[in-house]
>>> print(open('upload_39.txt').read())   # compact mmCIF, C-alpha atoms and all ligand atoms
# COMPACT_ATOMS: atom_id res chain seq x y z
CA MET A 1 -15.34 34.28 22.89
CA ALA A 2 -13.27 32.15 20.48
CA GLU A 3 -14.15 34.53 17.59
CA ALA A 4 -13.05 37.50 19.61
CA ALA A 5 -9.84 35.72 20.50
CA SER A 6 -9.06 34.99 16.87
CA ARG A 7 -9.69 38.55 15.79
CA GLY A 8 -7.35 39.67 18.50
CA SER A 9 -4.55 37.43 17.18
CA GLY A 10 -4.72 39.12 13.71
CA ASP A 11 -5.81 35.96 11.70
CA ASN A 12 -8.32 36.28 8.84
CA VAL A 13 -11.51 34.60 9.89
CA THR A 14 -14.88 33.83 8.38
CA VAL A 15 -18.12 34.43 10.07
CA GLN A 16 -18.12 30.81 11.23
CA GLY A 17 -14.62 31.21 12.46
CA VAL A 18 -12.95 29.00 9.82
CA PRO A 19 -9.64 30.46 8.55
CA GLU A 20 -9.56 31.44 4.84
CA ARG A 21 -7.24 29.33 2.66
CA LYS A 22 -4.54 31.36 1.03
CA ARG A 23 -3.36 30.17 -2.38
CA LYS A 24 0.35 29.53 -2.41
CA PRO A 25 2.27 31.11 -5.29
CA LEU A 26 3.80 28.56 -7.72
CA THR A 27 7.46 27.84 -7.39
CA PRO A 28 9.69 28.39 -10.49
CA ASP A 29 9.86 24.59 -10.98
CA GLN A 30 6.08 24.30 -10.94
CA LEU A 31 5.79 27.20 -13.36
CA ALA A 32 8.21 25.48 -15.77
CA VAL A 33 6.18 22.25 -15.62
CA SER A 34 2.88 23.98 -16.35
CA ARG A 35 4.42 25.89 -19.30
CA ARG A 36 5.75 22.59 -20.68
CA GLN A 37 2.32 21.00 -20.29
CA PHE A 38 0.73 23.90 -22.14
CA LEU A 39 3.22 23.66 -25.00
CA ASN A 40 2.83 19.87 -25.21
CA ARG A 41 -0.92 20.18 -25.43
CA ALA A 42 -0.69 22.92 -28.03
CA TRP A 43 1.62 20.79 -30.19
CA THR A 44 -0.60 17.75 -29.81
CA ALA A 45 -3.68 19.77 -30.84
CA THR A 46 -1.84 21.22 -33.85
CA PHE A 47 -0.63 17.78 -34.93
CA VAL A 48 -4.07 16.19 -34.59
CA THR A 49 -5.63 19.04 -36.58
CA PHE A 50 -3.00 18.65 -39.30
CA LEU A 51 -3.60 14.88 -39.44
CA GLY A 52 -7.34 15.48 -39.73
CA PHE A 53 -6.96 17.87 -42.67
CA PHE A 54 -4.40 15.63 -44.34
CA GLY A 55 -6.67 12.60 -43.96
CA MET A 56 -9.69 14.42 -45.36
CA SER A 57 -7.82 15.80 -48.37
CA SER A 58 -6.31 12.35 -49.09
CA LEU A 59 -9.74 10.75 -48.95
CA SER A 60 -11.27 13.35 -51.24
CA PHE A 61 -8.41 12.74 -53.70
CA LEU A 62 -8.79 8.97 -53.64
CA TRP A 63 -12.58 8.93 -53.62
CA PRO A 64 -14.02 8.39 -57.10
CA LYS A 65 -15.56 11.50 -58.59
CA LEU A 66 -19.23 10.74 -58.77
CA THR A 67 -20.61 14.03 -59.95
CA GLY A 68 -20.30 14.17 -63.72
CA GLY A 69 -17.58 12.86 -65.98
CA PHE A 70 -16.65 9.43 -67.22
CA GLY A 71 -18.05 6.64 -65.04
CA THR A 72 -21.28 8.48 -64.28
CA THR A 73 -24.57 9.04 -66.07
CA ILE A 74 -24.09 11.73 -68.70
CA THR A 75 -26.69 13.87 -70.40
CA ALA A 76 -25.42 14.11 -73.97
CA GLY A 77 -27.91 16.64 -75.36
CA ASP A 78 -31.24 17.08 -77.07
CA ALA A 79 -32.34 13.79 -78.63
CA LYS A 80 -33.91 15.36 -81.74
CA GLU A 81 -30.85 17.52 -82.44
CA ILE A 82 -28.50 14.60 -81.99
CA MET A 83 -30.63 12.41 -84.20
CA LYS A 84 -30.52 15.08 -86.94
CA GLN A 85 -26.73 14.82 -86.99
CA ILE A 86 -26.17 11.11 -86.57
CA GLY A 87 -29.17 9.89 -88.54
CA PRO A 88 -30.00 9.78 -92.27
CA ASP A 89 -30.62 13.58 -92.43
CA GLY A 90 -27.08 14.28 -91.23
CA GLY A 91 -25.40 11.62 -93.34
CA PHE A 92 -24.90 9.18 -90.41
CA LYS A 93 -22.08 11.23 -88.89
CA PRO A 94 -21.24 9.89 -85.43
CA LEU A 95 -21.05 12.44 -82.62
CA PHE A 96 -18.20 12.25 -80.14
CA ASN A 97 -18.77 13.04 -76.48
CA PRO A 98 -15.39 13.83 -74.87
CA GLU A 99 -16.73 13.87 -71.31
CA GLY A 100 -18.14 10.36 -71.61
CA ARG A 101 -15.52 9.06 -74.08
CA PHE A 102 -18.17 7.61 -76.36
CA TRP A 103 -19.39 7.96 -79.92
CA LEU A 104 -23.12 8.34 -80.42
CA THR A 105 -24.12 6.53 -83.61
CA TYR A 106 -27.39 5.89 -85.37
CA TYR A 107 -28.67 2.33 -85.36
CA ASP A 108 -31.40 0.78 -87.45
CA GLY A 109 -30.43 -2.87 -87.47
CA THR A 110 -32.23 -5.98 -86.27
CA GLY A 111 -30.72 -5.87 -82.78
CA ASP A 112 -30.16 -9.60 -83.13
CA SER A 113 -27.54 -9.86 -80.38
CA PRO A 114 -27.99 -9.63 -76.60
CA VAL A 115 -25.78 -6.56 -76.43
CA TYR A 116 -28.23 -4.44 -78.42
CA VAL A 117 -31.00 -5.36 -76.00
CA ALA A 118 -28.77 -4.53 -73.05
CA VAL A 119 -27.96 -1.06 -74.33
CA ASN A 120 -31.47 -0.33 -75.59
CA ALA A 121 -30.20 0.41 -79.10
CA THR A 122 -33.18 -0.78 -81.13
CA GLU A 123 -35.55 1.15 -78.90
CA VAL A 124 -33.81 4.54 -79.07
CA LYS A 125 -32.29 3.99 -82.54
CA MET A 126 -28.86 5.01 -81.38
CA GLN A 127 -26.03 3.68 -79.36
CA ALA A 128 -23.07 4.93 -77.37
CA LEU A 129 -19.88 3.19 -78.43
CA TYR A 130 -16.91 3.30 -76.06
CA ARG A 131 -14.06 4.88 -78.01
CA LYS A 132 -11.51 2.49 -76.51
CA CYS A 133 -10.30 -0.11 -78.97
CA VAL A 134 -10.97 -3.60 -77.58
CA HIS A 135 -7.63 -4.80 -78.91
CA LEU A 136 -5.13 -2.83 -76.80
CA GLY A 137 -7.05 0.25 -75.77
CA CYS A 138 -6.17 3.00 -78.28
CA SER A 139 -8.75 5.71 -78.98
CA VAL A 140 -10.67 4.87 -82.13
CA PRO A 141 -11.65 7.69 -84.54
CA HIS A 142 -14.31 7.50 -87.19
CA CYS A 143 -13.25 7.52 -90.84
CA SER A 144 -15.75 9.50 -92.93
CA LYS A 145 -14.44 7.95 -96.18
CA SER A 146 -14.98 4.31 -95.28
CA GLY A 147 -17.74 4.95 -92.73
CA LEU A 148 -15.90 2.63 -90.34
CA PHE A 149 -14.22 3.24 -87.03
CA GLU A 150 -10.54 2.59 -87.72
CA CYS A 151 -7.97 2.14 -85.00
CA PRO A 152 -4.69 3.90 -85.85
CA CYS A 153 -2.60 1.59 -83.64
CA HIS A 154 -2.90 -1.82 -85.30
CA GLY A 155 -5.64 -1.29 -87.85
CA SER A 156 -8.69 -2.85 -86.23
CA LYS A 157 -11.89 -1.79 -87.98
CA TYR A 158 -15.44 -1.58 -86.72
CA ARG A 159 -18.67 -0.84 -88.52
CA LEU A 160 -20.72 2.32 -87.87
CA HIS A 161 -22.68 0.44 -85.23
CA GLY A 162 -19.51 -0.87 -83.59
CA GLU A 163 -19.57 -4.44 -84.86
CA TYR A 164 -16.24 -6.06 -85.68
CA PHE A 165 -15.16 -5.68 -89.29
CA GLY A 166 -11.44 -6.51 -89.45
CA GLY A 167 -8.02 -6.47 -87.77
CA PRO A 168 -6.73 -7.96 -84.52
CA ALA A 169 -9.63 -6.82 -82.29
CA PRO A 170 -11.31 -9.82 -80.63
CA ARG A 171 -14.88 -8.42 -80.89
CA GLY A 172 -16.93 -5.31 -81.64
CA LEU A 173 -16.59 -2.08 -79.67
CA ASP A 174 -17.92 -2.07 -76.13
CA ARG A 175 -20.85 0.24 -75.44
CA PHE A 176 -22.98 1.95 -72.81
CA PRO A 177 -26.74 1.87 -72.18
CA VAL A 178 -28.67 4.79 -73.71
CA THR A 179 -32.08 6.15 -72.69
CA ILE A 180 -34.12 9.19 -73.68
CA GLU A 181 -35.29 11.11 -70.65
CA GLY A 182 -37.30 14.30 -70.99
CA GLY A 183 -36.14 14.63 -74.60
CA GLN A 184 -32.48 14.31 -73.61
CA VAL A 185 -30.07 11.54 -74.51
CA VAL A 186 -28.75 9.99 -71.31
CA VAL A 187 -25.78 7.61 -71.34
CA ASP A 188 -24.70 5.50 -68.39
CA THR A 189 -20.91 5.38 -68.70
CA GLY A 190 -20.68 3.49 -65.41
CA THR A 191 -22.02 0.36 -67.15
CA VAL A 192 -19.85 -1.07 -69.91
CA GLU A 193 -21.51 -3.70 -72.08
CA VAL A 194 -19.06 -6.02 -73.81
CA GLY A 195 -19.20 -5.61 -77.58
CA PRO A 196 -20.77 -8.22 -79.88
CA PRO A 197 -18.56 -11.15 -80.90
CA ARG A 198 -16.83 -11.39 -84.28
CA GLY A 199 -19.23 -12.51 -86.95
CA THR A 200 -22.14 -10.41 -85.63
CA ASP A 201 -23.82 -8.65 -88.54
CA THR A 202 -27.13 -7.02 -87.72
CA TRP A 203 -27.39 -4.14 -90.17
CA GLY A 204 -26.79 -4.77 -93.86
CA GLU A 205 -26.61 -1.08 -94.83
CA PHE A 206 -23.33 -0.60 -93.02
CA ALA A 207 -21.95 -4.08 -93.27
CA GLU A 208 -19.31 -3.03 -95.85
CA PRO A 209 -17.07 0.08 -96.11
CA LYS A 210 -18.44 3.04 -98.11
CA GLY A 211 -15.07 4.07 -99.53
CA ASP A 212 -11.31 4.02 -98.92
CA TYR A 213 -9.85 3.27 -95.54
CA CYS A 214 -8.19 5.98 -93.44
CA VAL A 215 -5.86 3.41 -91.91
CA PRO A 216 -4.44 1.05 -94.54
CA THR A 217 -4.71 -2.65 -93.76
S1 LIG B 301 -5.23 -1.01 -80.16
FE1 LIG B 301 -6.61 -0.84 -81.75
S2 LIG B 301 -5.96 -2.30 -83.15
FE2 LIG B 301 -4.58 -2.50 -81.53
>>> encode(input="upload_39.txt", output="structure tokens")
Amino acid sequence: MAEAASRGSGDNVTVQGVPERKRKPLTPDQLAVSRRQFLNRAWTATFVTFLGFFGMSSLSFLWPKLTGGFGTTITAGDAKEIMKQIGPDGGFKPLFNPEGRFWLTYYDGTGDSPVYVAVNATEVKMQALYRKCVHLGCSVPHCSKSGLFECPCHGSKYRLHGEYFGGPAPRGLDRFPVTIEGGQVVVDTGTVEVGPPRGTDTWGEFAEPKGDYCVPT
């Protein structure tokens, strides 16, 4: 009866006789609010995304580079080839490694100083000398005439094996541990061993200069 009455009055009805809910259209004010909400959310999302990218790129810039380069373990090359150049057959010519900022030099001394043990020099018969002068940090080249490393800044001089020879430097050149792995020379430039103190003299053959200096005293 009630269902029939409702149908007669023109209302929409369900089978159970419950009126359907009609959705009211939004007023212009409500529309404006929802547009503003949408824009606010879009801006917030864009800003957060930007901050995320900015943060990640800043971190990657500040994070130390650990894959290759100075401060990491560097493979310097074939041990036999290197030995041919820096050893007696090659005239004891040191080999510079720009990536690791070190000089590879032959060593056949007594190793009578803790630093030689630390860098494994007597074992592998070579060492990796940090090119940075221990006086004030200039790059130290090798002088083929004298056979010494001679600093162009204030004239400090170091023997072929990096021991102190003369000038204002407080000690011998600092150095890095060297190992031979799979026939390759491997240098750990992340570990700096402080050079031997003044007065250290472990290899008579290169205790004195072989000729004229490159940097006058
Ligand atoms: S920086 Fe090398 S002697 Fe001063």
>>> residues_near_ligand(input="upload_39.txt", ligand="ligand LIG 301 (chain B)", cutoff="6 Å", atoms="all atoms listed in the file", output="PyMOL selection string")
chain A and resi 133+135-138+151+153-156+168-169
>>> atom_distance(input="upload_39.txt", atom1="CA of Tyr107 in chain A", atom2="CA of Lys125 in chain A")
4.9 Å
>>> closest_residue(input="upload_39.txt", among="A:Ala42, A:Leu31, A:Ala128, A:Val215", to="Val187 in chain A", atoms="only C-alpha atoms")
A:Ala128
>>> residues_around(input="upload_39.txt", residues="range 205-214 of chain A", least_positions_apart="2", cutoff="12 Å", atoms="all atoms listed in the file", output="count of residues only")
40
>>> residues_around(input="upload_39.txt", residues="Asp78 in chain A", least_positions_apart="6", cutoff="10 Å", atoms="only C-alpha atoms", output="PyMOL selection string")
chain A and resi 180-186
>>> write_last_selection(input="upload_39.txt", atoms="C-alpha atoms", output="tab-separated table (two decimals), in the frame of the given file")
chain	number	residue	atom	x	y	z
A	180	ILE	CA	-34.12	9.19	-73.68
A	181	GLU	CA	-35.29	11.11	-70.65
A	182	GLY	CA	-37.30	14.30	-70.99
A	183	GLY	CA	-36.14	14.63	-74.60
A	184	GLN	CA	-32.48	14.31	-73.61
A	185	VAL	CA	-30.07	11.54	-74.51
A	186	VAL	CA	-28.75	9.99	-71.31
>>> closest_residue(input="upload_39.txt", among="A:Gly172, A:Gly68, A:Pro28, A:Gly111", to="Gly190 in chain A", atoms="only C-alpha atoms")
A:Gly68
>>> atom_distance(input="upload_39.txt", atom1="CA of Gly71 in chain A", atom2="CA of Thr189 in chain A")
4.8 Å
>>> closest_residue(input="upload_39.txt", among="A:Pro197, A:Arg175, A:Gly90, A:Arg41", to="Ala118 in chain A", atoms="only C-alpha atoms")
A:Arg175
>>> atom_distance(input="upload_39.txt", atom1="CA of Val134 in chain A", atom2="CA of Asp174 in chain A")
7.3 Å
>>> closest_residue(input="upload_39.txt", among="A:Gln127, A:Thr179, A:Thr122, A:Thr73", to="Gly195 in chain A", atoms="only C-alpha atoms")
A:Gln127
>>> closest_residue(input="upload_39.txt", among="A:Val124, A:Leu173, A:Ile86, A:Val117", to="Leu104 in chain A", atoms="all atoms listed in the file")
A:Ile86
>>> residues_near_point(input="upload_39.txt", point="(-20.0, 11.0, -75.1)", cutoff="10 Å", atoms="only C-alpha atoms", output="ChimeraX atom specification")
/A:69-70,74-77,95-104,128-131,176,186-189
>>> write_last_selection(input="upload_39.txt", atoms="C-alpha atoms", output="PDB file, in the frame of the given file")
ATOM      1  CA  GLY A  69     -17.580  12.860 -65.980  1.00  0.00           C
ATOM      2  CA  PHE A  70     -16.650   9.430 -67.220  1.00  0.00           C
ATOM      3  CA  ILE A  74     -24.090  11.730 -68.700  1.00  0.00           C
ATOM      4  CA  THR A  75     -26.690  13.870 -70.400  1.00  0.00           C
ATOM      5  CA  ALA A  76     -25.420  14.110 -73.970  1.00  0.00           C
ATOM      6  CA  GLY A  77     -27.910  16.640 -75.360  1.00  0.00           C
ATOM      7  CA  LEU A  95     -21.050  12.440 -82.620  1.00  0.00           C
ATOM      8  CA  PHE A  96     -18.200  12.250 -80.140  1.00  0.00           C
ATOM      9  CA  ASN A  97     -18.770  13.040 -76.480  1.00  0.00           C
ATOM     10  CA  PRO A  98     -15.390  13.830 -74.870  1.00  0.00           C
ATOM     11  CA  GLU A  99     -16.730  13.870 -71.310  1.00  0.00           C
ATOM     12  CA  GLY A 100     -18.140  10.360 -71.610  1.00  0.00           C
ATOM     13  CA  ARG A 101     -15.520   9.060 -74.080  1.00  0.00           C
ATOM     14  CA  PHE A 102     -18.170   7.610 -76.360  1.00  0.00           C
ATOM     15  CA  TRP A 103     -19.390   7.960 -79.920  1.00  0.00           C
ATOM     16  CA  LEU A 104     -23.120   8.340 -80.420  1.00  0.00           C
ATOM     17  CA  ALA A 128     -23.070   4.930 -77.370  1.00  0.00           C
ATOM     18  CA  LEU A 129     -19.880   3.190 -78.430  1.00  0.00           C
ATOM     19  CA  TYR A 130     -16.910   3.300 -76.060  1.00  0.00           C
ATOM     20  CA  ARG A 131     -14.060   4.880 -78.010  1.00  0.00           C
ATOM     21  CA  PHE A 176     -22.980   1.950 -72.810  1.00  0.00           C
ATOM     22  CA  VAL A 186     -28.750   9.990 -71.310  1.00  0.00           C
ATOM     23  CA  VAL A 187     -25.780   7.610 -71.340  1.00  0.00           C
ATOM     24  CA  ASP A 188     -24.700   5.500 -68.390  1.00  0.00           C
ATOM     25  CA  THR A 189     -20.910   5.380 -68.700  1.00  0.00           C
TER      26      THR A 189
END
>>> decode(input="upload_39.txt", residues="range 119-135 of chain A", atoms="N, CA and C atoms", output="PDB file, in the first residue's frame")
ATOM      1  N   VAL A 119     104.542   0.109   5.273  1.00  0.00           N
ATOM      2  CA  VAL A 119     104.146   0.226   3.862  1.00  0.00           C
ATOM      3  C   VAL A 119     104.599  -0.974   3.035  1.00  0.00           C
ATOM      4  N   ASN A 120     105.188  -1.965   3.704  1.00  0.00           N
ATOM      5  CA  ASN A 120     105.530  -3.207   3.018  1.00  0.00           C
ATOM      6  C   ASN A 120     106.649  -3.039   1.987  1.00  0.00           C
ATOM      7  N   ALA A 121     107.496  -2.038   2.171  1.00  0.00           N
ATOM      8  CA  ALA A 121     108.479  -1.695   1.133  1.00  0.00           C
ATOM      9  C   ALA A 121     109.552  -2.746   0.921  1.00  0.00           C
ATOM     10  N   THR A 122     110.048  -3.349   2.001  1.00  0.00           N
ATOM     11  CA  THR A 122     111.118  -4.337   1.830  1.00  0.00           C
ATOM     12  C   THR A 122     110.584  -5.602   1.162  1.00  0.00           C
ATOM     13  N   GLU A 123     109.339  -5.891   1.423  1.00  0.00           N
ATOM     14  CA  GLU A 123     108.707  -7.092   0.862  1.00  0.00           C
ATOM     15  C   GLU A 123     108.526  -6.967  -0.653  1.00  0.00           C
ATOM     16  N   VAL A 124     107.964  -5.858  -1.087  1.00  0.00           N
ATOM     17  CA  VAL A 124     107.624  -5.708  -2.515  1.00  0.00           C
ATOM     18  C   VAL A 124     108.718  -4.973  -3.301  1.00  0.00           C
ATOM     19  N   LYS A 125     109.751  -4.525  -2.583  1.00  0.00           N
ATOM     20  CA  LYS A 125     110.891  -3.816  -3.194  1.00  0.00           C
ATOM     21  C   LYS A 125     110.474  -2.552  -3.943  1.00  0.00           C
ATOM     22  N   MET A 126     109.435  -1.945  -3.482  1.00  0.00           N
ATOM     23  CA  MET A 126     109.070  -0.639  -4.037  1.00  0.00           C
ATOM     24  C   MET A 126     108.241   0.091  -2.987  1.00  0.00           C
ATOM     25  N   GLN A 127     108.081   1.366  -3.221  1.00  0.00           N
ATOM     26  CA  GLN A 127     107.218   2.120  -2.335  1.00  0.00           C
ATOM     27  C   GLN A 127     106.513   3.225  -3.083  1.00  0.00           C
ATOM     28  N   ALA A 128     105.410   3.670  -2.496  1.00  0.00           N
ATOM     29  CA  ALA A 128     104.606   4.731  -3.107  1.00  0.00           C
ATOM     30  C   ALA A 128     104.757   5.975  -2.244  1.00  0.00           C
ATOM     31  N   LEU A 129     105.496   6.952  -2.773  1.00  0.00           N
ATOM     32  CA  LEU A 129     105.751   8.175  -2.014  1.00  0.00           C
ATOM     33  C   LEU A 129     104.722   9.238  -2.377  1.00  0.00           C
ATOM     34  N   TYR A 130     104.097   9.789  -1.382  1.00  0.00           N
ATOM     35  CA  TYR A 130     103.115  10.874  -1.583  1.00  0.00           C
ATOM     36  C   TYR A 130     103.882  12.082  -2.126  1.00  0.00           C
ATOM     37  N   ARG A 131     103.385  12.635  -3.233  1.00  0.00           N
ATOM     38  CA  ARG A 131     104.141  13.715  -3.889  1.00  0.00           C
ATOM     39  C   ARG A 131     104.101  15.044  -3.112  1.00  0.00           C
ATOM     40  N   LYS A 132     103.321  15.088  -2.056  1.00  0.00           N
ATOM     41  CA  LYS A 132     103.139  16.350  -1.327  1.00  0.00           C
ATOM     42  C   LYS A 132     104.309  16.603  -0.374  1.00  0.00           C
ATOM     43  N   CYS A 133     104.969  17.722  -0.580  1.00  0.00           N
ATOM     44  CA  CYS A 133     106.105  18.054   0.281  1.00  0.00           C
ATOM     45  C   CYS A 133     105.635  18.183   1.730  1.00  0.00           C
ATOM     46  N   VAL A 134     106.369  17.582   2.660  1.00  0.00           N
ATOM     47  CA  VAL A 134     105.939  17.616   4.063  1.00  0.00           C
ATOM     48  C   VAL A 134     106.306  18.932   4.742  1.00  0.00           C
ATOM     49  N   HIS A 135     106.917  19.861   3.980  1.00  0.00           N
ATOM     50  CA  HIS A 135     107.155  21.179   4.547  1.00  0.00           C
ATOM     51  C   HIS A 135     105.869  21.984   4.486  1.00  0.00           C
TER      52      HIS A 135
END
